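Peer 1: Here it is, the structure, as structure tokens.
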Amino acid sequence: MSRRTAEPYKIKSVEPIRMTTRAERERAIAEAGYNTFLLKSEDVYIDLLTDSGTSAMSDAQWAAMMRGDEAYAGARSFYRFEQAVREIYGFQWMVPTHQGRGAEHLISRILIRPGHVIPGNMYFTTTRVHQELQGGTFVDVIIDEAHDSLSDHPFKGNVDLVKLQSVIDRHGAENIPYVNVAVTVNLAGGQPVSMQNLRETRSLLQHHGIRMWCDATRAVENAFFIKERESGYAGKPVRAILKEMMSYFDGCTMSAKKDCLVNIGGFLAGNDDAILQAAREQVVIFEGMPTYGGLSGRDMEAVAQGIYEMVDDDYIAHRINQVRYLGRQLVDFGVPIVLPIGGHAVFLDARQFLPHLDQDEYPAQALAAALYVDSGVRAMERGNVSSGRDQATGKNRRPKLELVRLTIPRRVYTDRHMDVVADSVRHLYEHREEIPGLEMVYEPPTLRFFTARFAPVKTACQVRT
Ligand SMILES: *Cc1c(COP(=O)(O)O)cnc(C)c1O
């Protein structure tokens with residue numbers, strides 16, 4: 001018999017949550033225009049909207065906040081933050097930013113010029129916007145398996161070296177300021193990159209004299225997958241694997257709101273002194289002094305402490321296994337999800353779940369709304385609504401992946417909460433043909449998924465009665 005394990009922490013402080021009635025939830029989702037982004041947090045029972053800035057801090061992080069040095073310049077808290085980045089990531093310098101996109105803004109301004117091309121392993125929303133704002137163009141060089149919800153490739157986040165070489169041949173190394181490699185790949189479903197792929201990508205880029213930059217947002221989760229799946233790493237601590245991963249990069253952008261177990265924060269880190277100099281010049285314009293970059297002293301203390309806690313092997317094993325614990329229950333119930341189960345979320349395949357709906361009836365949006373009504377669980381649509389309209393035709397993009405993301409915050413919920421989520425999804429799956437599609441009744445001009453409003457489509461039989 002395999003023995004069960006439990007959360008590697010005990011609970012010292014609690015935040016009550018309230019199960020509402022079905023009638024209350026029906027009213028709340030109608031008022032929110034069937035968009036889970038527009039629900040009030042107090043009407044949500046289990047909040048799986050995102051893992052960004054929603055982690056629970058430890059007693060040691062709260063204690064560290066009390067020693068926050070709020071000096072305008074040269075705060076002790078900055079030096080502790082810098083030391084943590086040096087020790088755990090291995091980069092020589094670090095400039096704080098208010099969150100990940102602040103760091104993306106800085107590196108894009110420093111390195112990208114109009115006409116530049118920035119290859120990456122699948123786009124990320126804020127990353128691509130900052131590249132485009134500087135006149136650059138993102139080019140996707142992820143392996144094909146990443147776009148296939150049924151492929152069980154162990155490292156679906158890998159860079160396709162043939163695609164990368166052909167981008168270099170086509171545009172010339174001089175027009176590629178850096179290649180941006182994300183570990184793990186958020187939009188592919190939290191899928192990891194292998195160490196071998198990092199090594200090979202590094203060697204190809206070194207040959208052409210191109211920098212390799214990391215989106216390190218969920219690098220610790222990636223390190224755990226390497227430990228589990230790649231030969232030669234089984235016995236190594238996650239801390240050592242992370243350090244080796246980072247050794248292949250010139251630097252990184254970081255959203256501390258993910259791996260680093262804090263509610264706000266980010267940084268730009270690296271080894272190149274010329275880039276550091278430019279980052280210090282830019283950060284004072286957009287974020288703040290180079291020793292606080294938009295963060296208070298106490299925020300920097302919390303990130304520094306979080307950086308040491310995130311590489312604890314028991315913590316990260318539990319983190320990934322809790323995501324999988326939810327995913328495996330759904331697989332056992334026959335519910336269609338994206339495989340392999342990723343590092344931060346379980347993705348329901350809404351096309352297969354609701355085959356009676358056309359994609360323009362927004363199956364993922366409809367499923368997220370139905371999940372909320374069934375159990376007060378809040379998820380996020382990642383499909384036809386999030387993709388927006390094609391610029392040329394004005395039509396919905398109808399992407400291949402039509403998904404509902406159940407994102408697990410770190411250290412916040414117990415496995416029992418996961419059981420409640422699994423039971424609710426199972427119930428919906430057993431009654432899936434009763435879930436109606438949606439029509440969009442308000443559409444904002446950009447990033448419509450945040451604020452669009454919907455109404456249920458009347459089925460043929462409802463129309464007749
Ligand atoms: C969240 C995220 C970012 C942006 O970070 P913010 O802290 O939200 O600004 C960048 N890249 C990836 C992969 C992310 O998940």
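Here, A, B, ... name the chains of the structure tokens in the order displayed, residue numbers run from 1 inside each chain, and ligands are numbered from 1 in the same displayed order.
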Kindly provide the residues of chain A that approach ligand 1 to within 8 Å, each paired with its closest atom pair and their distance in Å to one decimal, based on only C-alpha atoms and all ligand atoms, listed by chain and increasing number, as a tab-separated table.
Peer 2:
```
residue	atom	partner	partner_atom_place_in_ligand_line	distance
A:Ser52	CA	ligand 1	1 (C)	6.3
A:Gly53	CA	ligand 1	7 (O)	7.8
A:His98	CA	ligand 1	7 (O)	7.8
A:Gln99	CA	ligand 1	7 (O)	4.0
A:Gly100	CA	ligand 1	5 (O)	3.5
A:Arg101	CA	ligand 1	9 (O)	3.7
A:Gly102	CA	ligand 1	9 (O)	6.5
A:Glu104	CA	ligand 1	10 (C)	7.6
A:Phe124	CA	ligand 1	11 (N)	5.9
A:Thr125	CA	ligand 1	10 (C)	7.6
A:Thr126	CA	ligand 1	4 (C)	6.0
A:Thr127	CA	ligand 1	10 (C)	6.0
A:Ala182	CA	ligand 1	13 (C)	6.3
A:Val183	CA	ligand 1	13 (C)	7.6
A:Thr184	CA	ligand 1	13 (C)	7.3
A:Val185	CA	ligand 1	13 (C)	6.2
A:Asn186	CA	ligand 1	13 (C)	5.1
A:Leu187	CA	ligand 1	13 (C)	7.6
A:Asp215	CA	ligand 1	11 (N)	6.0
A:Ala216	CA	ligand 1	13 (C)	7.6
A:Thr217	CA	ligand 1	13 (C)	5.6
A:Arg218	CA	ligand 1	13 (C)	7.3
A:Thr253	CA	ligand 1	10 (C)	7.9
A:Met254	CA	ligand 1	5 (O)	7.0
A:Ser255	CA	ligand 1	7 (O)	4.1
A:Ala256	CA	ligand 1	7 (O)	6.7
A:Lys257	CA	ligand 1	7 (O)	5.7
A:Lys258	CA	ligand 1	1 (C)	7.0
A:Ile264	CA	ligand 1	7 (O)	7.4
A:Gly265	CA	ligand 1	7 (O)	7.0
A:Gly266	CA	ligand 1	7 (O)	6.4
```
Peer 1: With the cut-off set at 12 Å and counting only C-alpha atoms, tabulate each residue of stretch 319-350 of chain A with an atom at most that distance from an atom of stretch 135-146 of chain A, showing the nearest atom pair and its distance in Å to one decimal, ordered by chain and increasing number, as JSON lines.
Peer 2:
```
{"residue": "A:Val338", "atom": "CA", "partner": "A:Ala146", "partner_atom": "CA", "distance": 10.5}
{"residue": "A:Leu339", "atom": "CA", "partner": "A:Ala146", "partner_atom": "CA", "distance": 10.3}
{"residue": "A:Pro340", "atom": "CA", "partner": "A:Ala146", "partner_atom": "CA", "distance": 10.7}
{"residue": "A:Gly342", "atom": "CA", "partner": "A:Ala146", "partner_atom": "CA", "distance": 11.7}
```
Peer 1: For the selection you just gave me, I'd like the residues written to a file as a PDB file, in the first residue's frame, keeping N, CA and C atoms.
Peer 2:
```pdb
ATOM      1  N   VAL A 338      -6.171  18.738 -20.331  1.00  0.00           N
ATOM      2  CA  VAL A 338      -4.887  18.798 -21.047  1.00  0.00           C
ATOM      3  C   VAL A 338      -3.868  17.945 -20.299  1.00  0.00           C
ATOM      4  N   LEU A 339      -3.161  17.095 -21.050  1.00  0.00           N
ATOM      5  CA  LEU A 339      -2.134  16.217 -20.486  1.00  0.00           C
ATOM      6  C   LEU A 339      -0.782  16.529 -21.110  1.00  0.00           C
ATOM      7  N   PRO A 340       0.357  16.283 -20.424  1.00  0.00           N
ATOM      8  CA  PRO A 340       0.446  15.935 -19.016  1.00  0.00           C
ATOM      9  C   PRO A 340      -0.057  17.090 -18.150  1.00  0.00           C
ATOM     10  N   GLY A 342       0.048  20.062 -15.853  1.00  0.00           N
ATOM     11  CA  GLY A 342       1.139  21.027 -15.721  1.00  0.00           C
ATOM     12  C   GLY A 342       1.444  21.411 -14.284  1.00  0.00           C
TER      13      GLY A 342
END
```
Peer 1: For A:Leu276, list every protein, DNA or RNA residue within 9 Å, evaluated using only C-alpha atoms, and leave out those in the same chain fewer than 6 positions away; present the list as an NGL selection string.
Peer 2: :A and (93-95 or 268-270)
Peer 1: Keeping only N, CA and C atoms, take the residues you just selected and write them out as a compact mmCIF listing (two decimals), in the first residue's frame.
Peer 2:
```txt
# COMPACT_ATOMS: atom_id res chain seq x y z
N TRP A 93 23.62 40.55 -10.44
CA TRP A 93 22.93 41.77 -10.03
C TRP A 93 21.42 41.61 -10.21
N MET A 94 20.67 42.50 -9.56
CA MET A 94 19.21 42.40 -9.57
C MET A 94 18.65 43.80 -9.39
N VAL A 95 17.65 44.13 -10.20
CA VAL A 95 16.95 45.41 -10.06
C VAL A 95 15.49 45.09 -9.75
N LEU A 268 14.40 42.20 -12.37
CA LEU A 268 15.23 41.92 -13.55
C LEU A 268 16.59 41.55 -12.98
N ALA A 269 17.17 40.44 -13.43
CA ALA A 269 18.47 40.02 -12.90
C ALA A 269 19.36 39.60 -14.05
N GLY A 270 20.68 39.65 -13.85
CA GLY A 270 21.59 39.23 -14.91
C GLY A 270 23.04 39.32 -14.50
```
Peer 1: Select, from A:Ser166, A:Ser149, A:Ser108, A:Ser77, the residue with the minimum atom-to-atom distance to A:Leu403, counting only C-alpha atoms.
Peer 2: A:Ser149
Peer 1: So which one's closest to A:Tyr362, A:Tyr72, A:Phe454, A:Phe347, A:Tyr248? Using only C-alpha atoms, please.
Peer 2: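 Among the listed residues, A:Phe454 lies closest to A:Tyr362.
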Peer 1: Using only C-alpha atoms, which of the listed residues (A:Val385, A:Leu401, A:Val179, A:Leu326) sits closest to A:Thr451?
Peer 2: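 Looking only at the distances to A:Thr451, the closest residue turns out to be A:Val385.
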Peer 1: How far is it from atom CA of A:Gln282 to atom CA of A:Asn263, in Å with one decimal?
Peer 2: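 So the answer is 24.2 Å.
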Peer 1: Run DSSP on the backbone and tell me which residues of stretch 203-318 of chain A come out as strand (DSSP E); list them as a ChimeraX atom specification.
Peer 2: /A:211-215,251-255,266-270
Peer 1: Write the residues you've just listed into a file as a compact mmCIF listing (two decimals), in the first residue's frame, and include N, CA and C atoms for each of them.
Peer 2:
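And here's again.txt as it stands now:
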```txt
# COMPACT_ATOMS: atom_id res chain seq x y z
N ARG A 211 22.02 36.65 -27.18
CA ARG A 211 21.75 36.47 -25.75
C ARG A 211 20.57 35.53 -25.54
N MET A 212 20.59 34.87 -24.38
CA MET A 212 19.46 34.00 -24.01
C MET A 212 18.91 34.53 -22.69
N TRP A 213 17.66 34.97 -22.74
CA TRP A 213 17.03 35.58 -21.57
C TRP A 213 15.91 34.66 -21.09
N CYS A 214 15.67 34.66 -19.79
CA CYS A 214 14.70 33.72 -19.21
C CYS A 214 13.49 34.45 -18.66
N ASP A 215 12.29 33.93 -18.94
CA ASP A 215 11.11 34.31 -18.17
C ASP A 215 11.04 33.26 -17.06
N GLY A 251 20.38 36.32 -18.20
CA GLY A 251 19.62 37.02 -17.17
C GLY A 251 18.17 36.59 -17.23
N CYS A 252 17.34 37.21 -16.38
CA CYS A 252 15.93 36.83 -16.37
C CYS A 252 15.03 38.00 -16.01
N THR A 253 13.75 37.88 -16.45
CA THR A 253 12.68 38.72 -15.91
C THR A 253 11.90 37.81 -14.96
N MET A 254 11.34 38.40 -13.93
CA MET A 254 10.68 37.57 -12.93
C MET A 254 9.44 38.23 -12.37
N SER A 255 8.35 37.48 -12.33
CA SER A 255 7.16 37.87 -11.57
C SER A 255 7.21 37.12 -10.25
N GLY A 266 8.62 41.81 -8.26
CA GLY A 266 9.27 41.24 -9.43
C GLY A 266 10.68 41.74 -9.50
N PHE A 267 11.43 41.26 -10.48
CA PHE A 267 12.79 41.77 -10.66
C PHE A 267 13.35 41.44 -12.02
N LEU A 268 14.40 42.20 -12.37
CA LEU A 268 15.23 41.92 -13.55
C LEU A 268 16.59 41.55 -12.98
N ALA A 269 17.17 40.44 -13.43
CA ALA A 269 18.47 40.02 -12.90
C ALA A 269 19.36 39.60 -14.05
N GLY A 270 20.68 39.65 -13.85
CA GLY A 270 21.59 39.23 -14.91
C GLY A 270 23.04 39.32 -14.50
```
Peer 1: Would you mind listing what lies within 12 Å of A:Leu261 as a PyMOL selection string, with only C-alpha atoms counted and same-chain residues fewer than 2 positions away left out?
Peer 2: chain A and resi 51-58+60-62+217-218+220+255-259+263-266+299-311+315-316+319+409-412
Peer 1: What's around A:Val238 at 9 Å? Count only C-alpha atoms, leave out sequence neighbours fewer than 5 positions away in its own chain, and write the answer as a list in words.
Peer 2: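 Using only C-alpha atoms, the neighbours found are Val220, Glu221, Ala223, Phe224, Ile226, Lys227, Lys243, Val311, Asp312, Asp313 and Ile316 of chain A.
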Peer 1: Dump all heavy atoms for the selected residues as a CSV table (one decimal), in the first residue's frame?
Peer 2:
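For reference, again_19.csv as written:
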```
chain,number,residue,atom,x,y,z
A,220,VAL,N,11.0,27.3,-10.6
A,220,VAL,CA,11.1,26.2,-9.6
A,220,VAL,C,10.2,25.0,-10.0
A,220,VAL,O,10.6,23.9,-9.8
A,220,VAL,CB,10.8,26.8,-8.2
A,220,VAL,CG1,10.9,25.7,-7.2
A,220,VAL,CG2,11.6,28.0,-7.9
A,221,GLU,N,9.0,25.3,-10.5
A,221,GLU,CA,8.2,24.3,-10.9
A,221,GLU,C,8.8,23.5,-12.0
A,221,GLU,O,8.8,22.3,-12.1
A,221,GLU,CB,6.8,24.8,-11.3
A,221,GLU,CG,6.1,25.4,-10.1
A,221,GLU,CD,4.8,26.2,-10.4
A,221,GLU,OE1,4.3,26.2,-11.5
A,221,GLU,OE2,4.3,26.9,-9.5
A,223,ALA,N,12.0,23.2,-12.5
A,223,ALA,CA,13.1,22.4,-11.9
A,223,ALA,C,12.6,21.1,-11.3
A,223,ALA,O,13.3,20.0,-11.5
A,223,ALA,CB,13.9,23.2,-10.8
A,224,PHE,N,11.4,21.1,-10.7
A,224,PHE,CA,10.9,19.9,-10.2
A,224,PHE,C,10.6,18.9,-11.3
A,224,PHE,O,10.8,17.7,-11.1
A,224,PHE,CB,9.6,20.2,-9.4
A,224,PHE,CG,9.0,19.0,-8.8
A,224,PHE,CD1,9.4,18.5,-7.6
A,224,PHE,CD2,7.9,18.4,-9.4
A,224,PHE,CE1,8.9,17.3,-7.0
A,224,PHE,CE2,7.4,17.2,-8.9
A,224,PHE,CZ,7.8,16.7,-7.7
A,226,ILE,N,12.1,18.6,-14.1
A,226,ILE,CA,13.4,18.0,-14.5
A,226,ILE,C,13.9,16.9,-13.6
A,226,ILE,O,14.3,15.9,-14.0
A,226,ILE,CB,14.5,19.2,-14.7
A,226,ILE,CG1,14.1,20.1,-15.9
A,226,ILE,CG2,15.9,18.6,-14.8
A,226,ILE,CD1,15.1,21.3,-16.0
A,227,LYS,N,13.7,17.2,-12.3
A,227,LYS,CA,14.1,16.2,-11.3
A,227,LYS,C,13.4,14.9,-11.5
A,227,LYS,O,13.9,13.8,-11.4
A,227,LYS,CB,13.8,16.8,-9.9
A,227,LYS,CG,14.2,15.9,-8.7
A,227,LYS,CD,13.7,16.6,-7.4
A,227,LYS,CE,13.8,15.7,-6.2
A,227,LYS,NZ,15.1,15.8,-5.6
A,243,LYS,N,19.6,26.3,-10.1
A,243,LYS,CA,20.9,27.0,-10.3
A,243,LYS,C,21.5,26.6,-11.7
A,243,LYS,O,22.0,27.5,-12.4
A,243,LYS,CB,21.8,26.7,-9.2
A,243,LYS,CG,23.0,27.6,-9.0
A,243,LYS,CD,22.7,28.8,-8.1
A,243,LYS,CE,23.9,29.6,-7.7
A,243,LYS,NZ,24.4,29.2,-6.3
A,311,VAL,N,12.5,26.9,-2.9
A,311,VAL,CA,13.3,25.7,-3.3
A,311,VAL,C,13.4,24.6,-2.3
A,311,VAL,O,14.2,23.7,-2.4
A,311,VAL,CB,14.8,26.2,-3.7
A,311,VAL,CG1,14.8,27.0,-5.0
A,311,VAL,CG2,15.4,27.0,-2.6
A,312,ASP,N,12.5,24.7,-1.3
A,312,ASP,CA,12.4,23.6,-0.3
A,312,ASP,C,11.8,22.4,-1.1
A,312,ASP,O,10.7,22.5,-1.7
A,312,ASP,CB,11.5,24.0,0.8
A,312,ASP,CG,11.3,22.9,1.8
A,312,ASP,OD1,10.4,22.0,1.7
A,312,ASP,OD2,12.1,22.8,2.8
A,313,ASP,N,12.5,21.2,-1.1
A,313,ASP,CA,12.0,20.1,-1.9
A,313,ASP,C,10.6,19.6,-1.5
A,313,ASP,O,9.9,19.2,-2.3
A,313,ASP,CB,13.1,19.0,-1.8
A,313,ASP,CG,14.3,19.3,-2.6
A,313,ASP,OD1,14.2,19.3,-3.9
A,313,ASP,OD2,15.3,19.6,-2.0
A,316,ILE,N,7.9,22.1,-2.8
A,316,ILE,CA,7.6,22.1,-4.3
A,316,ILE,C,7.0,20.8,-4.7
A,316,ILE,O,6.1,20.8,-5.6
A,316,ILE,CB,8.9,22.5,-5.1
A,316,ILE,CG1,8.5,22.8,-6.6
A,316,ILE,CG2,10.0,21.6,-5.0
A,316,ILE,CD1,7.5,23.9,-6.8
```
Peer 1: I'd like the neighbourhood of A:Arg382 as a PyMOL selection string, where a residue qualifies if any of its atoms comes within 7 Å (using only C-alpha atoms), though same-chain residues fewer than 2 positions away should be ignored.
Peer 2: chain A and resi 380+386+402-405
Peer 1: Output N, CA and C atoms of each residue in that selection to a file, as a PDB file, in the first residue's frame.
Peer 2:
```
ATOM      1  N   MET A 380     -11.096  30.292 -14.853  1.00  0.00           N
ATOM      2  CA  MET A 380     -10.863  31.308 -15.885  1.00  0.00           C
ATOM      3  C   MET A 380     -10.986  30.698 -17.279  1.00  0.00           C
ATOM      4  N   SER A 386     -10.687  34.771 -24.754  1.00  0.00           N
ATOM      5  CA  SER A 386      -9.344  35.292 -24.473  1.00  0.00           C
ATOM      6  C   SER A 386      -8.573  35.596 -25.752  1.00  0.00           C
ATOM      7  N   GLU A 402      -9.498  25.308 -26.453  1.00  0.00           N
ATOM      8  CA  GLU A 402     -10.659  25.988 -25.842  1.00  0.00           C
ATOM      9  C   GLU A 402     -10.741  25.446 -24.409  1.00  0.00           C
ATOM     10  N   LEU A 403     -10.152  26.204 -23.467  1.00  0.00           N
ATOM     11  CA  LEU A 403      -9.876  25.628 -22.149  1.00  0.00           C
ATOM     12  C   LEU A 403     -10.484  26.430 -20.998  1.00  0.00           C
ATOM     13  N   VAL A 404     -10.736  25.717 -19.905  1.00  0.00           N
ATOM     14  CA  VAL A 404     -11.056  26.362 -18.621  1.00  0.00           C
ATOM     15  C   VAL A 404      -9.885  26.063 -17.690  1.00  0.00           C
ATOM     16  N   ARG A 405      -9.291  27.113 -17.125  1.00  0.00           N
ATOM     17  CA  ARG A 405      -8.105  26.926 -16.274  1.00  0.00           C
ATOM     18  C   ARG A 405      -8.501  26.932 -14.808  1.00  0.00           C
TER      19      ARG A 405
END
```
Peer 1: Would you pick out the contacts of stretch 420-431 of chain A at 7 Å or less, using only C-alpha atoms, so that residues sharing its chain but fewer than 2 positions from it are not included, and give the list as a CSV table (one decimal) with N, CA, C and O atoms, in the first residue's frame?
Peer 2:
```csv
chain,number,residue,atom,x,y,z
A,326,LEU,N,-5.7,16.9,-8.1
A,326,LEU,CA,-6.9,17.4,-8.7
A,326,LEU,C,-7.1,16.8,-10.1
A,326,LEU,O,-8.1,16.2,-10.4
A,329,GLN,N,-7.9,13.0,-10.4
A,329,GLN,CA,-9.3,12.7,-10.1
A,329,GLN,C,-10.2,12.9,-11.3
A,329,GLN,O,-11.1,12.1,-11.6
A,330,LEU,N,-9.9,14.0,-12.0
A,330,LEU,CA,-10.7,14.3,-13.2
A,330,LEU,C,-10.5,13.3,-14.3
A,330,LEU,O,-11.5,12.9,-14.9
A,333,PHE,N,-12.5,10.3,-13.5
A,333,PHE,CA,-13.9,10.5,-13.8
A,333,PHE,C,-14.2,10.5,-15.3
A,333,PHE,O,-15.3,10.6,-15.7
A,335,VAL,N,-13.2,12.9,-17.3
A,335,VAL,CA,-13.3,14.3,-17.8
A,335,VAL,C,-12.1,14.7,-18.7
A,335,VAL,O,-11.0,14.4,-18.3
A,353,PHE,N,-15.6,18.6,-23.7
A,353,PHE,CA,-16.6,18.6,-22.6
A,353,PHE,C,-18.0,18.9,-23.1
A,353,PHE,O,-19.0,18.3,-22.7
A,371,LEU,N,-19.6,26.1,-13.6
A,371,LEU,CA,-18.9,25.6,-12.5
A,371,LEU,C,-19.1,26.5,-11.3
A,371,LEU,O,-19.3,26.0,-10.2
A,374,ASP,N,-22.6,25.8,-9.9
A,374,ASP,CA,-22.7,24.5,-9.2
A,374,ASP,C,-22.1,24.5,-7.9
A,374,ASP,O,-22.7,23.9,-6.9
A,375,SER,N,-20.9,25.2,-7.7
A,375,SER,CA,-20.2,25.0,-6.4
A,375,SER,C,-19.5,26.2,-5.9
A,375,SER,O,-18.8,26.1,-4.9
A,377,VAL,N,-17.0,27.6,-7.2
A,377,VAL,CA,-15.6,27.6,-7.6
A,377,VAL,C,-15.4,28.5,-8.8
A,377,VAL,O,-16.1,28.5,-9.8
A,416,ARG,N,-8.7,18.7,0.5
A,416,ARG,CA,-10.1,18.5,0.6
A,416,ARG,C,-10.8,19.6,-0.3
A,416,ARG,O,-11.9,19.3,-0.9
A,417,HIS,N,-10.2,20.8,-0.4
A,417,HIS,CA,-10.8,21.7,-1.3
A,417,HIS,C,-10.7,21.2,-2.8
A,417,HIS,O,-11.7,21.4,-3.5
A,418,MET,N,-9.6,20.5,-3.1
A,418,MET,CA,-9.5,19.9,-4.4
A,418,MET,C,-10.6,18.9,-4.6
A,418,MET,O,-11.1,18.8,-5.7
A,433,GLU,N,-24.9,18.0,-21.1
A,433,GLU,CA,-25.8,18.4,-22.2
A,433,GLU,C,-26.8,19.5,-21.7
A,433,GLU,O,-27.4,20.2,-22.5
A,434,GLU,N,-26.9,19.7,-20.4
A,434,GLU,CA,-27.8,20.8,-19.9
A,434,GLU,C,-27.1,22.1,-19.8
A,434,GLU,O,-27.8,23.1,-19.5
```
Peer 1: Can you pull out every residue from stretch 23-194 of chain A that DSSP, working from the backbone, puts in alpha helix (DSSP H), and format the result as JSON, numbers by chain?
Peer 2: {"A": [23, 24, 25, 26, 27, 28, 29, 30, 31, 59, 60, 61, 62, 63, 64, 65, 66, 76, 77, 78, 79, 80, 81, 82, 83, 84, 85, 86, 87, 88, 100, 101, 102, 103, 104, 105, 106, 107, 108, 109, 110, 111, 125, 126, 127, 128, 129, 130, 131, 132, 133, 161, 162, 163, 164, 165, 166, 167, 168, 169, 170, 171]}
Peer 1: Any idea what the distance is between atom CA of A:Gly383 and atom CA of A:Pro399?
Peer 2: 6.4 Å
Peer 1: Could you check how far atom CA of A:Ala188 sits from atom CA of A:Leu150, in Å to one decimal?
Peer 2: 11.9 Å
